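Undergrad: Take a look at the following structure, please.
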Amino acid sequence: DFSTEGMNRRDAKTQRNMNIRRVTLLPLSHFFFALCLCVSAVTLSCSSKPTDMRKLVPAETLVYLETNDLAGALQPIVDNEAFEQAAKRKPDLSAIKGVQLAVAVTGFESTEEKLNDELSIGRIRPRFVAIADTHAWNWQANSFAETQLGGFVAGIYDSDLTLETIEKNGGRYSTWTAGDGRKAFALVVDGIIYFGNDETAIEKCLAVRRGEADSIIKTGKVKPADPATIASGYVSTDGVAQIASIIGVTVGKEVGGEPEVQSLTAGILPQLLRGMVSEIAWSSKSTELGVEDTYDVSFKPEVANVFAETLAQTNFQETGLEEFVPADAASVTRYTLNDPQIAWRSVLLTAVSQMDAVSGRFVSALSTGLFEPFGISDPELFLSGAAGDGFLTAYLDRSGDQAIVITRVKAVELVKRSLSPEIDLTRPPEVIAGANVWRSSDNLIAAAFLGDVVISGDADGVVKCLRTRSGDKSFAANERFMEFEATAGPVLTMANEVDERASLIEVLSEKKDGGVGIRQRTFSTIHFDRSGMHRRKLSSFGLIGSIIAQLAQD
């Protein structure tokens with residue numbers, strides 16, 4: 001993303017030596033897929049018709065995830081060529097074929113652990129229940145709950161556990177208690193396992209089972225699972241609001257500085273998200289080219305209408321700008337908007353309109369900082385001087401330090417005036433690969449002009465782009481560049497993702513000797529219509545694979 005990624009990475013440079021409070025959001029989806037892995041330890045042999053998992057969770061669910069076949073959700077990952085190249089063996093998923101799983105998050109709670117006088121860790125814990133319809137005999141499900149789930153809870157809580165098992169609610173009810181008092185609960189009834197970290201969440205699901213409360217079907221928001229999908233999810237309007245508050249607190253703490261600044265920052269994102277987003281839906285499916293994840297973000301009508309008009313795609317014509325980007329760039333994003341300047345204004349003005357007056361002024365003042373990593377101090381001037389037929393942003397290294405923007409210009413003087421004052425244009429330029437290059441005095445940022453093309457951003461990155469254009473292998477030489485070139489959408493990103501640790505393999509299998517890493521090339525597109533924003537991402541392992549890899553890293 002042209003704005004947020006640049007700001008976050010730039011800010012990271014200035015915060016390396018700061019003692020800041022950290023807020024850790026315990027990802028609720030980790031429970032979902034960790035439980036998937038635990039289920040694989042037991043063979044479930046009975047079968048029956050698929051269950052409509054929506055019937056088992058309450059209407060007030062904030063976040064809902066489901067898969068109708070655990071094996072089907074994981075199979076595209078282990079079948080991928082990149083996985084086979086890095087793993088000693090492919091795991092056998094036959095034991096979980098046909099097992100259905102749903103996760104309902106009914107709320108969030110926060111705790112804080114003080115490490116010392118200057119540092120503390122805040123944790124946001126989702127109150128959730130995971131429901132697995134094993135389609136197995138009840139004794140098999142009981143065996144799994146008592147043995148495999150206990151190990152899972154011990155790993156999550158990093159503690160020895162005590163286990164209490166009683167007959168309750170028509171089934172066997174287990175309670176695990178960690179040394180610090182944290183608890184996890186499981187109920188097995190009729191081959192269905194209810195597992196969670198909050199007893200109230202399980203009780204809400206049981207009320208739905210008994211017909212005493214409405215299921216999520218009643219809301220009309222979660223449609224029946226599409227047979228073409230391997231997994232899907234939904235975040236309700238209330239869920240968006242609560243998650244927005246969590247994100248706000250997290251970002252506010254990470255900003256550091258004066259309490260007033262932290263408080264103001266913490267309040268901005270919740271206002272923005274609550275004012276713009278109404279709900280979010282996600283689905284994942286397997287294709288011949290990899291796993292395709294689709295995210296549908298529903299905007300409030302007034303926001304969706306504005307973005308549908310101002311963020312529309314222009315009639316794209318190849319500009320050749322990709323020839324400046326090195327083949328091994330971490331990511332490249334192409335923007336083909338009708339009018340980039342109007343698009344930027346609409347995003348900024350819409351954001352400000354969703355906030356109170358103080359927050360709005362704060363956002364307006366900070367907005368130019370989003371362009372700083374690209375060596376630009378005045379976005380309006382820069383976009384008004386650009387040719388308007390498309391531009392690229394790229395991160396040339398995996399750390400995100402080498403950020404650059406490339407575009408053709410129609411008004412060179414306007415673009416020059418938009419550059420950071422740190423770039424001294426009064427000095428004679430340096431000539432590199434035929435381009436006039438001006439650098440900042442500290443040699444951190446630079447701008448190069450070659451004909452009607454401008455390249456601005458990280459100084460080393462600018463030079464690297466010029467040398468690529470004059471002979472080195474470019475991004476346009478990648479074997480899947482034609483797919484990038486032909487794909488429609490006002491915002492298109494292609495990334496080279498590398499996990500040297502092969503974290504995904506650590507969870508699902510065993511790495512080959514020599515520690516072969518995992519590399520994948522991903523494509524994502526974003527477009528806007530009068531319902532909201534739609535993002536489609538094609539990758540080797542999908543969102544599910546990313547979450548599983550994060551399990552190992554955490």
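Here's how to read the names in the structure tokens: chain A, B, ... by the order shown, residue numbers from 1 in each chain, ligand numbers from 1 in the order shown.
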Do you know which residues are at most 7 Å from A:Ala403 counting only C-alpha atoms, after dropping those on the same chain fewer than 4 positions away, and could you put them as a PDB file with C-alpha atoms, in the first residue's frame?

TA:
```
ATOM      1  CA  PRO A 373       9.576   7.461   2.428  1.00  0.00           C
ATOM      2  CA  PHE A 374       9.270   8.287  -1.282  1.00  0.00           C
ATOM      3  CA  ALA A 394       8.021  -0.665  -4.992  1.00  0.00           C
ATOM      4  CA  TYR A 395       9.856  -1.992  -1.976  1.00  0.00           C
ATOM      5  CA  LEU A 396      13.137  -3.335  -3.268  1.00  0.00           C
ATOM      6  CA  GLY A 457      12.617   7.550  -2.710  1.00  0.00           C
ATOM      7  CA  ASP A 458      15.421   5.672  -1.015  1.00  0.00           C
ATOM      8  CA  GLY A 461      16.893   2.168  -4.388  1.00  0.00           C
TER       9      GLY A 461
END
```

Undergrad: Within 7 Å of A:Asp499, counting only C-alpha atoms, which residues qualify if same-chain residues fewer than 4 places away don't, as a PyMOL selection string?

TA: chain A and resi 517-519

Undergrad: DSSP on the backbone: what in stretch 204-453 of chain A comes out alpha helix (DSSP H), as a PyMOL selection string?

TA: chain A and resi 204-209+237-255+259-276+301-310+340-353+357-367+379-385+412-418

Undergrad: Based on the backbone DSSP call, show me all residues of stretch 399-551 of chain A assigned strand (DSSP E or B), as a ChimeraX atom specification.

TA: /A:403-409,419,423,430-432,435-440,445-450,453-458,474,491-499,511,518-529,532-539

Undergrad: Provide the atom CA of A:Ile505 to atom CA of A:Ile548 distance in Å, to one decimal place.

TA: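 Result for atom CA of A:Ile505 versus atom CA of A:Ile548: 9.2 Å, one decimal.
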
Undergrad: Between A:Ser110, A:Asn68, A:Thr333, A:Asn478, which has the minimum distance to A:Lys97 (counting only C-alpha atoms)?

TA: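 So, comparing all the options, the nearest one is A:Asn68.
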
Undergrad: Skip stretch 283-287 of chain A itself and residues of its chain fewer than 5 positions away, then list as a list in words all residues within 8 Å of it, counting only C-alpha atoms.

TA: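 The residues that qualify are Pro76, Ala228, Thr229, Ile230, Ala231, Ser232, Gly233, Glu292, Asp293, Thr294, Tyr295, Gly542 and Leu543 of chain A.
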
Undergrad: Selected residues, C-alpha atoms, written as a PDB file, in the first residue's frame, please.

TA:
```pdb
ATOM      1  CA  PRO A  76      -3.831 -27.192  -1.529  1.00  0.00           C
ATOM      2  CA  ALA A 228     -16.229 -24.108  -4.248  1.00  0.00           C
ATOM      3  CA  THR A 229     -14.624 -22.599  -1.150  1.00  0.00           C
ATOM      4  CA  ILE A 230     -12.262 -24.339   1.245  1.00  0.00           C
ATOM      5  CA  ALA A 231     -12.885 -21.872   4.093  1.00  0.00           C
ATOM      6  CA  SER A 232     -14.744 -18.645   4.759  1.00  0.00           C
ATOM      7  CA  GLY A 233     -15.252 -15.997   7.402  1.00  0.00           C
ATOM      8  CA  GLU A 292      -7.246 -17.484  -4.047  1.00  0.00           C
ATOM      9  CA  ASP A 293      -8.411 -15.410  -1.069  1.00  0.00           C
ATOM     10  CA  THR A 294     -11.194 -12.902  -1.577  1.00  0.00           C
ATOM     11  CA  TYR A 295     -11.943 -10.109   0.885  1.00  0.00           C
ATOM     12  CA  GLY A 542      -3.274 -18.450   0.982  1.00  0.00           C
ATOM     13  CA  LEU A 543      -4.331 -16.806   4.214  1.00  0.00           C
TER      14      LEU A 543
END
```

Undergrad: What does the distance between atom CA of A:Leu289 and atom CA of A:Ser474 come to in Å, to one decimal place?

TA: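 We find that atom CA of A:Leu289 and atom CA of A:Ser474 lie 22.9 Å from each other.
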
Undergrad: Of the candidates A:Ser143, A:Thr522, A:Ser531, A:Thr314, which one gets nearest to A:Val291 if we count only C-alpha atoms?

TA: A:Thr522

Undergrad: Could you check the closest approach to A:Ala477 for each of A:Phe528, A:Ile77, A:Asp328, A:Ile217 and tell me which residue wins, using only C-alpha atoms?

TA: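 With only C-alpha atoms as the atom set, the closest residue is A:Asp328.
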
Undergrad: Residues at most 12 Å from A:Glu430, counting only C-alpha atoms, excluding those fewer than 2 positions away in the same chain, as a list in words?

TA: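 The filter keeps Asp424, Leu425, Arg427, Pro428, Ile432, Ala433, Gly434, Ala435, Asn436, Val437, Trp438, Arg439, Ser440, Ala446, Ala447, Ala448, Phe449 and Val463 of chain A.
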
Undergrad: Can you measure atom CA of A:Ala186 to atom CA of A:Arg125 for me? One decimal in Å is fine.

TA: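 These atoms are spaced 17.8 Å apart.
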
Undergrad: Smallest atom-to-atom distance to A:Val431: which of A:Leu206, A:Ile246, A:Leu466, A:Val347, using only C-alpha atoms?

TA: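 Among A:Leu206, A:Ile246, A:Leu466, A:Val347, it is A:Leu466 that comes nearest to A:Val431.
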
Undergrad: What lies within 9 Å of A:Leu337 using only C-alpha atoms, ignoring chain neighbours under 2 positions off, as a PyMOL selection string?

TA: chain A and resi 310-316+335+339-340+343+388-390+490-491

Undergrad: Can you tell me, as a ChimeraX atom specification, what residues are no more than 6 Å from A:Ala132 when counting only C-alpha atoms, ignoring any on the same chain fewer than 5 positions away?

TA: /A:100-101,192-193

Undergrad: Please save N, CA and C atoms of the selected residues as a tab-separated table (two decimals), in the first residue's frame.

TA:
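Output saved as selection.tsv:
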```tsv
chain	number	residue	atom	x	y	z
A	100	GLN	N	-15.71	-31.01	10.00
A	100	GLN	CA	-16.13	-29.62	9.87
A	100	GLN	C	-15.73	-28.82	11.11
A	101	LEU	N	-15.39	-27.58	10.91
A	101	LEU	CA	-14.95	-26.75	12.03
A	101	LEU	C	-15.48	-25.34	11.86
A	192	ILE	N	-19.92	-34.00	18.54
A	192	ILE	CA	-19.54	-32.60	18.32
A	192	ILE	C	-18.74	-32.11	19.52
A	193	ILE	N	-17.63	-31.44	19.24
A	193	ILE	CA	-16.77	-30.89	20.29
A	193	ILE	C	-16.94	-29.38	20.33
```

Undergrad: Which is closer to A:Ser420 than all the others in A:Gln140, A:Ser456, A:Ser278, A:Thr407, using only C-alpha atoms?

TA: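 Residue with the minimum atom-to-atom distance to A:Ser420: A:Ser456.
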